[in-house]
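Heads up, the thing below is written out as structure tokens.
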Amino acid sequence: MLARSLFAMVAALAFLAAPHVLAEFHLFQICLIAGTALVVLGLVVVTGFAGQISLAQAAFVALGGYGSAILATRWGFPLWAGIPVVAVAVSVVGFLLGQMTLRVSGHYLALVTMAVTAIVQIALIYSDSITGGAAGMPVPTFEIFGYALSTGGQLYYVIVPVTAALFLAVHNLNRSHYGRALAAIRQSETAAELMGLNVLRYKAAAFGASGFLGAIGGGLLAPLSTYLDPAQFGITHSVYFLAVAVVGGMASPLGALVGSTIFVFLPDFLQGFQSYLGLVFALLLLGFIVLRPNGLASFNLPRALSSALARTGDGR
Amino acid sequence: MSDTPLLNAENVTVQFGGVIALDRVSAAVARGAIHAVIGPNGAGKSTLLNVVTGLYQPSSGNVSFEGQSLGGMAPHRINRMGIARTFQNTELFGEMTALENVLIGLDRRHACHPLDAALHDGGWRRSEIAARREARQLLSLVGLAEDEGNLAAALPFGKQRRLEIARALATEPKLLLLDEPAAGLRAAEIEVLNRVLLDLRSERGITILVIDHVMALVMAISDRISVLNFGRKIAEGTPAEVRSAPAVIEAYLGEKGAHAFGA
């Protein structure tokens, strides 16, 4: 209990101190990590916890971003209200998509969810009058309590707390009977169903949660990037989010954060290799699937260190 | 009401393509009974359990529980009506601890509001504590009190079997279906299992339908035995009646079986 409140205090202090210490660009990167982490958190819930593979995440992100931006530009609905409203609607879409798991699973589910991403992207491109078509659309400024938040340093005060709150909620839910039920379904659907769990409803709810988190992430990333382009929401991007989740680790919410941090910073470290970035991501994904299927978050750092020390102590 | 059977299968036929797994099988399980279904491999015993629990739909015929037809009902709803089962090759949640496996069955009755679960507040804590207390009671009932923190997959097979029984009991069944609970157990372990099953009936009033080959279990505790062979029911009665039924000895038990009965 003491450790927990101490951690909360340190985190709050760090949150308040960061804008005074870090440069604007770094605050922008923190926002990007937080937004991406929310999107990937959705995948951790549906794929990591419930065991249902999904390539629909880019579609949920697109619906969240476009939905709230359109509500704001067409009807003057402010983003702070529009994003959660749209996210609830997208979670319903996710829930309905989840009903599909009654009929399909495994590779076929991957294909169906991939098709959803393709359909949403095509719909965005061909709805010129509302979405701006292939040229895309500008995102209105995020305004709240009379403040206009447009830079990373300003949006930081919205994106980071929202991300923290949702991570905490998912962490807690995963450690309650909801998380237990999803874990049971992942391990044996038959046994879970025969233990009285409505397996279909739980799987659909997991898809609903991934839709909600994806849409909130998409809604928050949109004002950060200031412009929406349908090319950002293709199947490649669904695969990208899955890669982030695999590298970070799907067993816990922490993995989404670790993966997002790596994938946001990596392009900076590899500036000389810009044209090979896709290859690096692909190799990372492959390497982790083969060597470390539970991702980076599954490393127990203290234990790894102590066993490494013990080995050197042996004189080898 | 009390003389209507708890579970009633009427002319149940299950067909997979050209194969008839069950052929017009009828059986009635009386409330409070320990009823056994025996028969050689491939006789359709497991198919019968799969029909009762809703995993298979019968091609024709009907199964009713407490007078209500189970036809077309999803397995989780059948479980909620009061039917729980174990599996021949155990279907535990291997990455979860023994305690968590049992909690899966209890959670429905101890569930807290999603908001409580998201905040981990007092409501969540109370429900979690109550569920864990009950889970521990069930684990000690089957002699696994020491193993609550062990992963299900790491338990020896005999303990996995008993964990499956505890997990099934967690859903508060009126009817417990056991698929070969004694297979691979040593004589002493079978004695323990017999004791557990008899206690379940006398203390919790649970009706038990058990499938098994192991005569040390079936003959010792069953009130009634149905014998299946090639998907058909060929005999039914008390252990003594079944033991001496010529059809059973001829068609199913043969010389070896007669020897197993000590005849």
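The chains in the structure tokens are called A, B, ... from first to last as shown; in each chain the residues are counted from 1, and the ligands are counted from 1 in the order shown.
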Interface, chain B side, toward chain A (9 Å; only C-alpha atoms) as a PyMOL selection string: chain B and resi 53-55+74-80+83-87+91-96+100-101+103-105+107-108+111-112+114-120+124+128+167-168+170-171
Exercise: Asn62 in chain B partners within 6 Å, only C-alpha atoms, chain neighbours under 4 positions left out, as a PyMOL selection string: chain B and resi 9-10+12
Could you dump the residues just selected with N, CA and C atoms as a compact mmCIF listing (two decimals), in the first residue's frame?
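The result, written out as again14.txt:
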```txt
# COMPACT_ATOMS: atom_id res chain seq x y z
N ALA B 9 -33.17 -38.78 -20.66
CA ALA B 9 -32.84 -38.87 -22.08
C ALA B 9 -33.83 -39.81 -22.74
N GLU B 10 -34.44 -39.33 -23.82
CA GLU B 10 -35.44 -40.17 -24.49
C GLU B 10 -35.06 -40.38 -25.95
N VAL B 12 -32.45 -40.85 -27.67
CA VAL B 12 -31.43 -39.96 -28.21
C VAL B 12 -30.61 -40.69 -29.28
```
Might you pull out every residue within 10 Å of Gln232 in chain A, with only C-alpha atoms counted and same-chain residues fewer than 3 positions away left off, and present them as a compact mmCIF listing (two decimals) with N, CA and C atoms, in the first residue's frame?
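Just written: out22.txt:
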```
# COMPACT_ATOMS: atom_id res chain seq x y z
N ALA A 58 -6.39 -0.72 -36.91
CA ALA A 58 -6.24 0.52 -37.68
C ALA A 58 -7.60 1.09 -38.05
N VAL A 61 -8.93 2.92 -35.04
CA VAL A 61 -8.19 4.18 -34.89
C VAL A 61 -8.72 5.20 -35.88
N ALA A 62 -8.93 4.76 -37.13
CA ALA A 62 -9.45 5.66 -38.17
C ALA A 62 -10.83 6.17 -37.78
N GLN A 121 -10.99 1.76 -44.75
CA GLN A 121 -10.09 2.64 -45.49
C GLN A 121 -10.71 3.05 -46.83
N GLY A 136 -7.53 13.65 -47.69
CA GLY A 136 -7.59 13.74 -46.23
C GLY A 136 -8.26 15.02 -45.75
N LEU A 228 -5.60 14.25 -41.01
CA LEU A 228 -5.97 12.85 -41.20
C LEU A 228 -5.88 12.49 -42.67
N ASP A 229 -5.18 11.41 -42.95
CA ASP A 229 -4.97 10.97 -44.32
C ASP A 229 -5.32 9.49 -44.35
N ILE A 235 -4.07 -1.71 -43.91
CA ILE A 235 -3.77 -3.01 -43.31
C ILE A 235 -2.36 -3.01 -42.73
N THR A 236 -1.42 -2.33 -43.45
CA THR A 236 -0.05 -2.24 -42.94
C THR A 236 -0.03 -1.71 -41.52
N HIS A 237 -0.91 -0.74 -41.24
CA HIS A 237 -0.89 -0.12 -39.92
C HIS A 237 -1.48 -1.04 -38.86
N SER A 238 -2.46 -1.85 -39.29
CA SER A 238 -2.96 -2.87 -38.35
C SER A 238 -1.84 -3.84 -37.99
```
DSSP-assigned alpha helix (DSSP H) members of range 90-270 of chain A, reported as a ChimeraX atom specification: /A:90-99,107-126,128-131,152-174,177-187,189-194,199-225,235-248,253-269
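Checking A:Gln52, A:Thr101, A:Thr226, A:Thr117 one by one against Leu149 in chain A, counting only C-alpha atoms, you find the shortest gap at A:Thr226.
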